[in-house]
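run_9.pdb (PDB, C-alpha atoms and all ligand atoms)
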```
ATOM      1  CA  MET A 250      -4.797 -21.932  -5.060
ATOM      2  CA  LYS A 251      -2.560 -20.078  -7.569
ATOM      3  CA  CYS A 252      -0.576 -16.920  -6.865
ATOM      4  CA  PHE A 253      -2.467 -13.930  -8.277
ATOM      5  CA  VAL A 254       0.803 -12.131  -9.006
ATOM      6  CA  CYS A 255       2.876 -14.776 -10.832
ATOM      7  CA  GLY A 256       0.581 -17.803 -11.231
ATOM      8  CA  GLY A 257       2.825 -19.993  -9.030
ATOM      9  CA  GLU A 258       1.522 -22.676  -6.689
ATOM     10  CA  MET A 259       0.443 -21.459  -3.233
ATOM     11  CA  ASN A 260       1.487 -23.912  -0.492
ATOM     12  CA  PRO A 261       0.405 -24.093   3.180
ATOM     13  CA  PHE A 262       2.636 -21.749   5.187
ATOM     14  CA  MET A 263       1.301 -21.175   8.696
ATOM     15  CA  LYS A 264      -1.769 -20.707  10.828
ATOM     16  CA  LYS A 265      -2.574 -18.089  13.463
ATOM     17  CA  PHE A 266      -5.213 -18.119  16.175
ATOM     18  CA  PHE A 267      -7.097 -14.818  16.572
ATOM     19  CA  GLY A 268     -10.155 -15.882  18.620
ATOM     20  CA  MET A 269     -12.305 -13.078  17.205
ATOM     21  CA  LYS A 270     -16.015 -13.261  16.545
ATOM     22  CA  ASN A 271     -15.444 -13.031  12.785
ATOM     23  CA  LEU A 272     -12.025 -14.681  12.670
ATOM     24  CA  GLU A 273     -11.347 -17.663  14.884
ATOM     25  CA  SER A 274      -8.072 -18.516  13.156
ATOM     26  CA  CYS A 275      -6.381 -17.694   9.891
ATOM     27  CA  GLU A 276      -4.534 -19.925   7.457
ATOM     28  CA  TYR A 277      -1.735 -18.450   5.332
ATOM     29  CA  VAL A 278      -0.337 -19.792   2.071
ATOM     30  CA  ARG A 279       2.889 -18.864   0.281
ATOM     31  CA  CYS A 280       3.788 -18.774  -3.405
ATOM     32  CA  GLU A 281       6.602 -21.203  -4.204
ATOM     33  CA  ASN A 282       7.824 -18.842  -6.928
ATOM     34  CA  CYS A 283       7.605 -15.165  -5.848
ATOM     35  CA  GLY A 284       7.156 -15.719  -2.093
ATOM     36  CA  LEU A 285       3.914 -13.709  -1.852
ATOM     37  CA  VAL A 286       1.936 -14.770   1.229
ATOM     38  CA  VAL A 287      -1.834 -14.428   1.407
ATOM     39  CA  ALA A 288      -4.354 -15.103   4.157
ATOM     40  CA  LYS A 289      -6.324 -17.905   2.491
ATOM     41  CA  THR A 290      -9.038 -17.741   5.145
ATOM     42  CA  LEU A 291      -9.642 -14.035   4.405
ATOM     43  CA  TYR A 292      -9.488 -14.508   0.626
ATOM     44  CA  GLU A 293     -12.136 -17.235   0.793
ATOM     45  CA  MET A 294     -14.390 -15.475   3.288
ATOM     46  CA  PRO A 295     -17.806 -14.290   2.007
ATOM     47  CA  GLN A 296     -17.822 -10.522   1.403
ATOM     48  CA  LYS A 297     -20.266  -9.852   4.237
ATOM     49  CA  ASN A 298     -18.059 -11.661   6.772
ATOM     50  CA  TRP A 299     -15.017  -9.727   5.539
ATOM     51  CA  GLU A 300     -16.894  -6.458   6.066
ATOM     52  CA  ALA A 301     -18.062  -7.616   9.496
ATOM     53  CA  LEU A 302     -14.454  -8.442  10.410
ATOM     54  CA  ASN A 303     -13.306  -4.984   9.288
ATOM     55  CA  TYR A 304     -15.992  -3.365  11.435
ATOM     56  CA  GLU A 305     -15.116  -5.620  14.374
ATOM     57  CA  CYS A 306     -11.487  -4.467  14.110
ATOM     58  CA  HIS A 307     -12.435  -0.790  13.871
ATOM     59  CA  ALA A 308     -14.763  -1.103  16.851
ATOM     60  CA  THR A 309     -12.239  -3.024  18.921
ATOM     61  CA  TYR A 310      -9.204  -0.869  18.445
ATOM     62  CA  GLN A 311     -10.608   2.392  17.161
ATOM     63  CA  ASN A 312      -7.817   4.911  16.611
ATOM     64  CA  THR A 313      -5.300   3.008  18.658
ATOM     65  CA  ASN A 314      -4.968   0.392  15.943
ATOM     66  CA  GLU A 315      -2.484   2.150  13.662
ATOM     67  CA  LEU A 316      -0.388   3.223  16.605
ATOM     68  CA  ALA A 317      -0.435  -0.208  18.204
ATOM     69  CA  VAL A 318       0.685  -1.830  14.960
ATOM     70  CA  ASP A 319       3.068   0.962  14.151
ATOM     71  CA  PRO A 320       4.401   3.436  16.737
ATOM     72  CA  ASN A 321       6.054   5.525  13.989
ATOM     73  CA  TRP A 322       2.816   6.091  12.140
ATOM     74  CA  LEU A 323       2.415   9.839  12.710
ATOM     75  CA  PRO A 324       6.058  10.952  12.295
ATOM     76  CA  ARG A 325       6.191   8.898   9.117
ATOM     77  CA  LEU A 326       3.043  10.503   7.700
ATOM     78  CA  LYS A 327       4.713  13.874   8.262
ATOM     79  CA  ALA A 328       7.887  12.651   6.553
ATOM     80  CA  GLN A 329       5.786  11.411   3.620
ATOM     81  CA  ALA A 330       4.002  14.751   3.315
ATOM     82  CA  LYS A 331       7.377  16.518   3.318
ATOM     83  CA  VAL A 332       8.740  14.339   0.519
ATOM     84  CA  ILE A 333       5.620  14.943  -1.572
ATOM     85  CA  ALA A 334       5.893  18.722  -1.042
ATOM     86  CA  GLU A 335       9.570  18.569  -2.070
ATOM     87  CA  LEU A 336       8.692  16.714  -5.274
ATOM     88  CA  ILE A 337       6.026  19.304  -6.095
ATOM     89  CA  ASN A 338       8.642  22.036  -5.543
ATOM     90  CA  ARG A 339      11.059  20.332  -7.896
ATOM     91  CA  GLY A 340       8.429  19.816 -10.569
ATOM     92  CA  VAL A 341       8.648  16.027 -10.333
ATOM     93  CA  LEU A 342       4.985  16.154  -9.366
ATOM     94  CA  ASP A 343       2.876  18.807 -11.073
ATOM     95  CA  LYS A 344       1.335  21.570  -8.953
ATOM     96  CA  ASN A 345      -1.852  21.224 -11.006
ATOM     97  CA  ALA A 346      -1.885  17.441 -11.029
ATOM     98  CA  ASN A 347      -4.999  15.456 -10.315
ATOM     99  CA  ALA A 348      -3.667  13.681  -7.227
ATOM    100  CA  LEU A 349      -5.323  11.128  -4.990
ATOM    101  CA  ASP A 350      -4.716   9.596  -1.573
ATOM    102  CA  TYR A 351      -6.451   6.227  -1.977
ATOM    103  CA  GLY A 352      -7.381   4.855   1.453
ATOM    104  CA  ALA A 353      -6.888   8.243   3.076
ATOM    105  CA  GLY A 354      -8.507   7.335   6.396
ATOM    106  CA  ASP A 355      -8.931  10.526   8.402
ATOM    107  CA  GLY A 356      -7.017  12.465   5.743
ATOM    108  CA  LYS A 357      -3.966  13.430   7.801
ATOM    109  CA  LEU A 358      -1.476  12.901   4.974
ATOM    110  CA  SER A 359      -3.276  15.325   2.654
ATOM    111  CA  ASP A 360      -3.597  17.844   5.502
ATOM    112  CA  PHE A 361       0.160  17.639   6.196
ATOM    113  CA  VAL A 362       1.171  18.351   2.572
ATOM    114  CA  ALA A 363       2.151  22.018   2.325
ATOM    115  CA  GLU A 364       0.220  22.484  -0.956
ATOM    116  CA  LYS A 365      -3.224  22.683   0.566
ATOM    117  CA  ASP A 366      -5.796  20.235  -0.849
ATOM    118  CA  TRP A 367      -3.325  19.138  -3.541
ATOM    119  CA  LEU A 368      -4.027  15.563  -2.550
ATOM    120  CA  LYS A 369      -7.682  14.557  -2.860
ATOM    121  CA  LYS A 370      -8.938  11.964  -0.424
ATOM    122  CA  PHE A 371     -10.829   8.736  -0.821
ATOM    123  CA  ASP A 372     -11.606   6.003   1.663
ATOM    124  CA  LYS A 373     -14.131   3.300   0.957
ATOM    125  CA  TYR A 374     -14.484   2.397   4.616
ATOM    126  CA  MET A 375     -15.274   5.948   5.698
ATOM    127  CA  ALA A 376     -18.347   8.096   5.223
ATOM    128  CA  ARG A 377     -17.312  11.321   3.452
ATOM    129  CA  PRO A 378     -16.688  13.811   6.255
ATOM    130  CA  ASN A 379     -16.299  16.783   3.844
ATOM    131  CA  GLU A 380     -16.155  17.824   0.179
ATOM    132  CA  ASN A 381     -12.413  17.136  -0.037
ATOM    133  CA  TYR A 382     -13.289  13.458  -0.054
ATOM    134  CA  LEU A 383     -14.122  11.893  -3.389
ATOM    135  CA  SER A 384     -16.923   9.385  -3.803
ATOM    136  CA  ALA A 385     -16.495   5.996  -5.494
ATOM    137  CA  GLU A 386     -18.104   7.488  -8.663
ATOM    138  CA  ASP A 387     -15.357  10.116  -8.804
ATOM    139  CA  LEU A 388     -12.732   7.409  -9.244
ATOM    140  CA  GLN A 389     -12.713   7.151 -13.030
ATOM    141  CA  PRO A 390     -10.090   4.983 -14.743
ATOM    142  CA  GLU A 391      -7.003   6.767 -16.095
ATOM    143  CA  SER A 392      -7.954  10.070 -14.514
ATOM    144  CA  PHE A 393      -5.165  10.650 -11.979
ATOM    145  CA  ASP A 394      -1.625  11.913 -12.523
ATOM    146  CA  PHE A 395      -0.603  10.730  -9.077
ATOM    147  CA  VAL A 396      -2.003   8.124  -6.713
ATOM    148  CA  ILE A 397      -0.612   7.384  -3.267
ATOM    149  CA  THR A 398      -1.610   4.468  -1.057
ATOM    150  CA  CYS A 399      -0.362   4.248   2.519
ATOM    151  CA  SER A 400      -0.987   1.016   4.405
ATOM    152  CA  VAL A 401      -3.461  -0.160   1.764
ATOM    153  CA  PHE A 402      -1.674  -2.919  -0.141
ATOM    154  CA  GLU A 403      -1.668  -5.277   2.846
ATOM    155  CA  HIS A 404      -5.486  -5.012   2.879
ATOM    156  CA  LEU A 405      -6.026  -5.877  -0.799
ATOM    157  CA  LEU A 406      -7.754  -9.144  -1.647
ATOM    158  CA  GLY A 407      -6.073 -10.177  -4.854
ATOM    159  CA  LYS A 408      -5.783  -9.181  -8.482
ATOM    160  CA  ASN A 409      -9.015  -7.183  -8.890
ATOM    161  CA  ASP A 410      -8.276  -4.953  -5.914
ATOM    162  CA  VAL A 411      -4.729  -4.305  -7.142
ATOM    163  CA  GLU A 412      -5.863  -3.629 -10.696
ATOM    164  CA  LYS A 413      -8.556  -1.196  -9.604
ATOM    165  CA  ILE A 414      -5.908   1.039  -8.037
ATOM    166  CA  PHE A 415      -3.408   1.014 -10.913
ATOM    167  CA  ALA A 416      -6.266   1.580 -13.400
ATOM    168  CA  LEU A 417      -6.831   5.012 -11.839
ATOM    169  CA  LEU A 418      -3.488   6.260 -13.184
ATOM    170  CA  LYS A 419      -3.075   8.073 -16.470
ATOM    171  CA  SER A 420      -0.621   6.450 -18.891
ATOM    172  CA  SER A 421       2.154   8.792 -17.723
ATOM    173  CA  GLY A 422       1.038   8.676 -14.080
ATOM    174  CA  THR A 423       3.103   8.218 -10.928
ATOM    175  CA  MET A 424       2.279   5.884  -8.085
ATOM    176  CA  ALA A 425       3.498   6.187  -4.501
ATOM    177  CA  LEU A 426       3.276   3.296  -2.128
ATOM    178  CA  HIS A 427       3.814   2.661   1.553
ATOM    179  CA  THR A 428       3.386  -0.884   2.778
ATOM    180  CA  LEU A 429       5.682  -3.548   4.162
ATOM    181  CA  ILE A 430       7.676  -5.181   1.358
ATOM    182  CA  CYS A 431      10.318  -7.694   2.385
ATOM    183  CA  GLU A 432      12.666 -10.230   0.851
ATOM    184  CA  GLU A 433      11.018 -13.110   2.692
ATOM    185  CA  VAL A 434       7.882 -13.266   4.843
ATOM    186  CA  PRO A 435       8.792 -14.835   8.218
ATOM    187  CA  ARG A 436       7.102 -18.118   9.095
ATOM    188  CA  ASP A 437       6.134 -16.907  12.553
ATOM    189  CA  PRO A 438       2.553 -16.693  13.864
ATOM    190  CA  ASN A 439       3.713 -14.045  16.357
ATOM    191  CA  TRP A 440       5.074 -11.722  13.670
ATOM    192  CA  PHE A 441       3.735  -8.222  14.414
ATOM    193  CA  TYR A 442       2.390  -7.720  10.904
ATOM    194  CA  LEU A 443      -0.075 -10.628  11.068
ATOM    195  CA  GLN A 444      -3.073  -8.462  11.887
ATOM    196  CA  PRO A 445      -6.625  -9.799  11.465
ATOM    197  CA  VAL A 446      -7.360  -7.615   8.394
ATOM    198  CA  HIS A 447      -3.918  -7.857   6.786
ATOM    199  CA  CYS A 448      -4.472 -10.296   3.961
ATOM    200  CA  THR A 449      -1.600  -9.839   1.474
ATOM    201  CA  PHE A 450       2.102  -9.840   2.394
ATOM    202  CA  TRP A 451       4.371  -8.511  -0.337
ATOM    203  CA  THR A 452       7.876  -9.602  -1.280
ATOM    204  CA  ASN A 453      10.428  -7.806  -3.449
ATOM    205  CA  ALA A 454      10.019 -10.484  -6.129
ATOM    206  CA  ALA A 455       6.217 -10.061  -6.233
ATOM    207  CA  MET A 456       6.486  -6.267  -6.367
ATOM    208  CA  LYS A 457       9.017  -6.424  -9.228
ATOM    209  CA  ILE A 458       6.423  -8.330 -11.250
ATOM    210  CA  ILE A 459       3.740  -5.731 -10.422
ATOM    211  CA  PHE A 460       6.184  -2.921 -11.295
ATOM    212  CA  SER A 461       6.733  -4.191 -14.826
ATOM    213  CA  ARG A 462       3.143  -5.424 -15.320
ATOM    214  CA  TYR A 463       1.831  -1.885 -14.805
ATOM    215  CA  LYS A 464       4.527  -0.421 -17.062
ATOM    216  CA  PHE A 465       6.602   1.565 -14.600
ATOM    217  CA  LYS A 466      10.036   2.553 -15.856
ATOM    218  CA  ALA A 467      11.793   4.030 -12.809
ATOM    219  CA  CYS A 468      11.560   3.775  -9.051
ATOM    220  CA  ALA A 469      12.724   5.946  -6.151
ATOM    221  CA  TYR A 470      12.603   4.946  -2.482
ATOM    222  CA  ASP A 471      12.772   7.359   0.440
ATOM    223  CA  VAL A 472      14.051   5.340   3.391
ATOM    224  CA  GLY A 473      13.001   7.866   6.074
ATOM    225  CA  ALA A 474       9.426   8.142   4.802
ATOM    226  CA  ARG A 475       9.329   4.424   3.891
ATOM    227  CA  LEU A 476       7.829   5.515   0.595
ATOM    228  CA  TRP A 477       8.276   4.161  -2.919
ATOM    229  CA  PHE A 478       7.606   6.301  -5.992
ATOM    230  CA  MET A 479       7.034   4.409  -9.218
ATOM    231  CA  PHE A 480       7.314   6.428 -12.424
ATOM    232  CA  ARG A 481       6.113   5.604 -15.918
ATOM    233  CA  ASP A 482       8.163   8.519 -17.179
ATOM    234  CA  ALA A 483      11.764   7.412 -16.526
ATOM    235  CA  GLU A 484      13.041  10.976 -17.063
ATOM    236  CA  LYS A 485      11.555  11.977 -13.708
ATOM    237  CA  ILE A 486      14.379  10.442 -11.721
ATOM    238  CA  SER A 487      16.882  12.848 -13.252
ATOM    239  CA  LEU A 488      15.030  15.569 -11.284
ATOM    240  CA  LEU A 489      15.763  13.807  -7.998
ATOM    241  CA  LYS A 490      19.488  14.667  -7.949
ATOM    242  CA  ASN A 491      20.876  15.482  -4.495
ATOM    243  CA  LEU A 492      17.765  14.189  -2.788
ATOM    244  CA  PRO A 493      18.199  11.165  -0.501
ATOM    245  CA  PHE A 494      16.427   8.608  -2.688
ATOM    246  CA  VAL A 495      17.531   5.121  -3.638
ATOM    247  CA  VAL A 496      16.775   4.971  -7.364
ATOM    248  CA  SER A 497      16.551   2.203  -9.942
ATOM    249  CA  ASN A 498      15.047   1.381 -13.299
ATOM    250  CA  ASP A 499      13.402  -1.582 -11.609
ATOM    251  CA  PHE A 500      11.485  -1.778  -8.315
ATOM    252  CA  VAL A 501      13.839  -0.728  -5.471
ATOM    253  CA  ASP A 502      14.142  -3.926  -3.403
ATOM    254  CA  TYR A 503      15.529  -2.103  -0.383
ATOM    255  CA  TRP A 504      14.597  -4.422   2.483
ATOM    256  CA  LYS A 505      16.616  -7.638   2.598
ATOM    257  CA  VAL A 506      16.614  -8.367   6.332
ATOM    258  CA  LYS A 507      13.762 -10.127   8.111
ATOM    259  CA  PRO A 508      11.025  -7.593   8.839
ATOM    260  CA  TYR A 509      11.058  -7.492  12.633
ATOM    261  CA  ARG A 510      10.920  -4.464  14.923
ATOM    262  CA  LYS A 511      13.672  -4.019  17.454
TER     263      LYS A 511
HETATM  264 ZN    ZN B   1       3.845 -15.727  -6.932
END
```

Write out the structure in this file as structure tokens.
Ligand SMILES: [Zn+2]
Amino acid sequence: MKCFVCGGEMNPFMKKFFGMKNLESCEYVRCENCGLVVAKTLYEMPQKNWEALNYECHATYQNTNELAVDPNWLPRLKAQAKVIAELINRGVLDKNANALDYGAGDGKLSDFVAEKDWLKKFDKYMARPNENYLSAEDLQPESFDFVITCSVFEHLLGKNDVEKIFALLKSSGTMALHTLICEEVPRDPNWFYLQPVHCTFWTNAAMKIIFSRYKFKACAYDVGARLWFMFRDAEKISLLKNLPFVVSNDFVDYWKVKPYRK
């Protein structure tokens, strides 16, 4: 198996026992070059088994899942909404932008943003509860000025899934991203992030490649909201003065320590 980010060789890394109906155990492989780790078992699973596993997870830990994995989930969503509202205020993000929350779940992030309905919602695993949700047909390539994904990138199954998301952006578009990105994925089957439907584990090196592949020119990271903004228009970061962002002309590789919770 080759790394879908850099083409490097993927070597056996670890194995975890889940004992679920649709996932007895999971084998993980790691790229010798960029350190990306993927769940080989999930990548090679037939589509219908992957869907069954997703439904099994939803049914098993309905609603408690996000909180169990991540106790800071709700406060962080609020922090993310606040940052987005601030960027709209400053004109970094356009008030009239076509903006999308891809993988919106129950839509809390969009509801928390002060500009009401600024952020349109889409979730392929959810029936559309109201007209603020877009359908798959609404997701035309190069039609969004802003796309945000929160806790989506760890669920993507390789290059096509990643490309589909970046393809939604206009050529001058801005991407925002919340997922776990670390310097080195721990070789530890008990690591909290090894969830049954987490299939891709990102490193700084892998994300730097993605950053330049999709032609981003500047990056800003909000530590409190755990949110990266990736800009194709490098001028945007000059508008972030006096805001608590870590900025760079490359991907902001903020997290260097091993990704454990205290
Ligand atoms: Zn790689």

**OP:** Give the residue list for ligand ZN 1 (chain B) at 9 Å, counting all atoms listed in the file, as a list in words, sorted by chain and then by residue number.
**Re:**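 Listing the residues within 9 Å of ligand ZN 1 (chain B) gives Lys251, Cys252, Phe253, Val254, Cys255, Gly256, Gly257, Glu258, Met259, Arg279, Cys280, Glu281, Asn282, Cys283, Gly284, Leu285, Val286, Ala454, Ala455 and Ile458 of chain A.
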
Residues returned when the PyMOL selection byres (((chain A and resi 425) around 6) and not hetatm) runs on this file, as a CSV table (one decimal) with C-alpha atoms, keeping the file's coordinate frame:
```csv
chain,number,residue,atom,x,y,z
A,397,ILE,CA,-0.6,7.4,-3.3
A,424,MET,CA,2.3,5.9,-8.1
A,426,LEU,CA,3.3,3.3,-2.1
A,477,TRP,CA,8.3,4.2,-2.9
A,478,PHE,CA,7.6,6.3,-6.0
```

As a short mmCIF file (atom, residue, chain, number, x, y, z; two decimals) with C-alpha atoms, in the coordinates of the input, please: the residues near A:Ile486 (cut-off 10 Å, all atoms listed in the file, same-chain neighbours under 4 positions excluded).
```
data_model
loop_
_atom_site.label_atom_id
_atom_site.label_comp_id
_atom_site.auth_asym_id
_atom_site.auth_seq_id
_atom_site.Cartn_x
_atom_site.Cartn_y
_atom_site.Cartn_z
CA VAL A 341 8.65 16.03 -10.33
CA LYS A 466 10.04 2.55 -15.86
CA ALA A 467 11.79 4.03 -12.81
CA CYS A 468 11.56 3.78 -9.05
CA ALA A 469 12.72 5.95 -6.15
CA PHE A 478 7.61 6.30 -5.99
CA MET A 479 7.03 4.41 -9.22
CA PHE A 480 7.31 6.43 -12.42
CA ASP A 482 8.16 8.52 -17.18
CA LYS A 490 19.49 14.67 -7.95
CA PHE A 494 16.43 8.61 -2.69
CA VAL A 496 16.77 4.97 -7.36
CA SER A 497 16.55 2.20 -9.94
CA ASN A 498 15.05 1.38 -13.30
#
```

Subject >> Polymer residues at most 10 Å from A:Ala346, all atoms listed in the file, same-chain spacing of 5 or more positions, as a list in words >> reply: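 The contact residues come out as Ile337, Trp367, Leu368, Phe393, Asp394, Phe395 and Gly422 of chain A.
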
**OP:** Could you tell me which residues the PyMOL selection byres (((chain A and resi 289) around 7) and not hetatm) returns for this structure, as a PyMOL selection string?
**Re:** chain A and resi 276-278+287-288+290-293

**OP:** Select, counting only C-alpha atoms, all protein, DNA and RNA residues no farther than 8 Å from (-6.7, -8.3, 1.4) in file coordinates, and express the selection as a count of residues only.
**Re:** 14

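Using the PyMOL selection byres (((chain A and resi 502) around 8) and not hetatm) on this structure selects A:Cys431, A:Glu432, A:Asn453, A:Phe500, A:Val501, A:Tyr503, A:Trp504, A:Lys505.
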
Subject >> Contacts of A:Lys327 within 10 Å, all atoms listed in the file, excl. fewer than 6 positions in-chain, as a list in words >> reply: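 Returned residues: Ile333, Lys357, Leu358, Ser359, Asp360, Phe361, Val362 and Ala474 of chain A.
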
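Relative to atom CA of A:Phe262, atom CA of A:Asn321 is found at 28.9 Å.
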
**OP:** Name the residues in contact with A:Met375 at a cut-off of 12 Å, using only C-alpha atoms, excluding same-chain residues fewer than 4 positions from it; report them as a VMD selection string.
**Re:** chain A and resid 303 to 304 307 351 to 356 370 to 371 379 382 to 385

Using 6 Å of padding on each side, determine the axis-aligned box around all atoms of stretch 333-341 of chain A present in the file and give its centre and edge lengths in Å to one decimal, as JSON.
```
{"center_x": 8.3, "center_y": 18.5, "center_z": -5.8, "size_x": 17.4, "size_y": 19.1, "size_z": 21.5}
```

**OP:** Can you work out the spacing between atom CA of A:Gln389 and atom CA of A:Glu364 in Å, to one decimal?
**Re:**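 Atom CA of A:Gln389 sits 23.4 Å away from atom CA of A:Glu364.
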
Original post:
Could you work out how far atom CA of A:Glu391 lies from atom CA of A:Leu418, giving the answer in Å with one decimal?
Top reply: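 Taking atom CA of A:Leu418 and atom CA of A:Glu391, their separation equals 4.6 Å.
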
Subject >> Minimum-distance residue to A:Asp387, chosen among A:Leu417, A:Leu429, A:Ala334, A:Val495 (using all atoms listed in the file) >> reply: A:Leu417

Subject >> A:Leu443 environment, 9 Å, only C-alpha atoms, sequence neighbours closer than 6 positions dropped, as JSON, numbers by chain >> reply: {"A": [265, 437, 450]}

Can I get stretch 340-353 of chain A with N, CA and C atoms filled in, as a PDB file, in the frame of the given file?
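Written file, result_17.pdb:
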```pdb
ATOM      1  N   GLY A 340       9.101  20.051  -9.287  1.00  0.00           N
ATOM      2  CA  GLY A 340       8.429  19.816 -10.569  1.00  0.00           C
ATOM      3  C   GLY A 340       8.370  18.354 -10.971  1.00  0.00           C
ATOM      4  N   VAL A 341       8.779  17.467 -10.048  1.00  0.00           N
ATOM      5  CA  VAL A 341       8.648  16.027 -10.333  1.00  0.00           C
ATOM      6  C   VAL A 341       7.162  15.676 -10.339  1.00  0.00           C
ATOM      7  N   LEU A 342       6.448  16.256  -9.391  1.00  0.00           N
ATOM      8  CA  LEU A 342       4.985  16.154  -9.366  1.00  0.00           C
ATOM      9  C   LEU A 342       4.440  17.534  -9.722  1.00  0.00           C
ATOM     10  N   ASP A 343       3.414  17.546 -10.558  1.00  0.00           N
ATOM     11  CA  ASP A 343       2.876  18.807 -11.073  1.00  0.00           C
ATOM     12  C   ASP A 343       1.975  19.482 -10.031  1.00  0.00           C
ATOM     13  N   LYS A 344       2.172  20.773  -9.867  1.00  0.00           N
ATOM     14  CA  LYS A 344       1.335  21.570  -8.953  1.00  0.00           C
ATOM     15  C   LYS A 344      -0.154  21.427  -9.277  1.00  0.00           C
ATOM     16  N   ASN A 345      -0.451  21.304 -10.573  1.00  0.00           N
ATOM     17  CA  ASN A 345      -1.852  21.224 -11.006  1.00  0.00           C
ATOM     18  C   ASN A 345      -2.313  19.795 -11.268  1.00  0.00           C
ATOM     19  N   ALA A 346      -1.556  18.849 -10.770  1.00  0.00           N
ATOM     20  CA  ALA A 346      -1.885  17.441 -11.029  1.00  0.00           C
ATOM     21  C   ALA A 346      -3.203  17.063 -10.371  1.00  0.00           C
ATOM     22  N   ASN A 347      -3.859  16.078 -10.961  1.00  0.00           N
ATOM     23  CA  ASN A 347      -4.999  15.456 -10.315  1.00  0.00           C
ATOM     24  C   ASN A 347      -4.417  14.340  -9.439  1.00  0.00           C
ATOM     25  N   ALA A 348      -4.394  14.578  -8.137  1.00  0.00           N
ATOM     26  CA  ALA A 348      -3.667  13.681  -7.227  1.00  0.00           C
ATOM     27  C   ALA A 348      -4.607  13.107  -6.172  1.00  0.00           C
ATOM     28  N   LEU A 349      -4.390  11.843  -5.863  1.00  0.00           N
ATOM     29  CA  LEU A 349      -5.323  11.128  -4.990  1.00  0.00           C
ATOM     30  C   LEU A 349      -4.617  10.348  -3.885  1.00  0.00           C
ATOM     31  N   ASP A 350      -5.112  10.493  -2.671  1.00  0.00           N
ATOM     32  CA  ASP A 350      -4.716   9.596  -1.573  1.00  0.00           C
ATOM     33  C   ASP A 350      -5.798   8.530  -1.470  1.00  0.00           C
ATOM     34  N   TYR A 351      -5.483   7.326  -1.954  1.00  0.00           N
ATOM     35  CA  TYR A 351      -6.451   6.227  -1.977  1.00  0.00           C
ATOM     36  C   TYR A 351      -6.339   5.472  -0.645  1.00  0.00           C
ATOM     37  N   GLY A 352      -7.436   5.456   0.116  1.00  0.00           N
ATOM     38  CA  GLY A 352      -7.381   4.855   1.453  1.00  0.00           C
ATOM     39  C   GLY A 352      -6.869   5.878   2.445  1.00  0.00           C
ATOM     40  N   ALA A 353      -7.419   7.090   2.335  1.00  0.00           N
ATOM     41  CA  ALA A 353      -6.888   8.243   3.076  1.00  0.00           C
ATOM     42  C   ALA A 353      -7.202   8.219   4.571  1.00  0.00           C
TER      43      ALA A 353
END
```
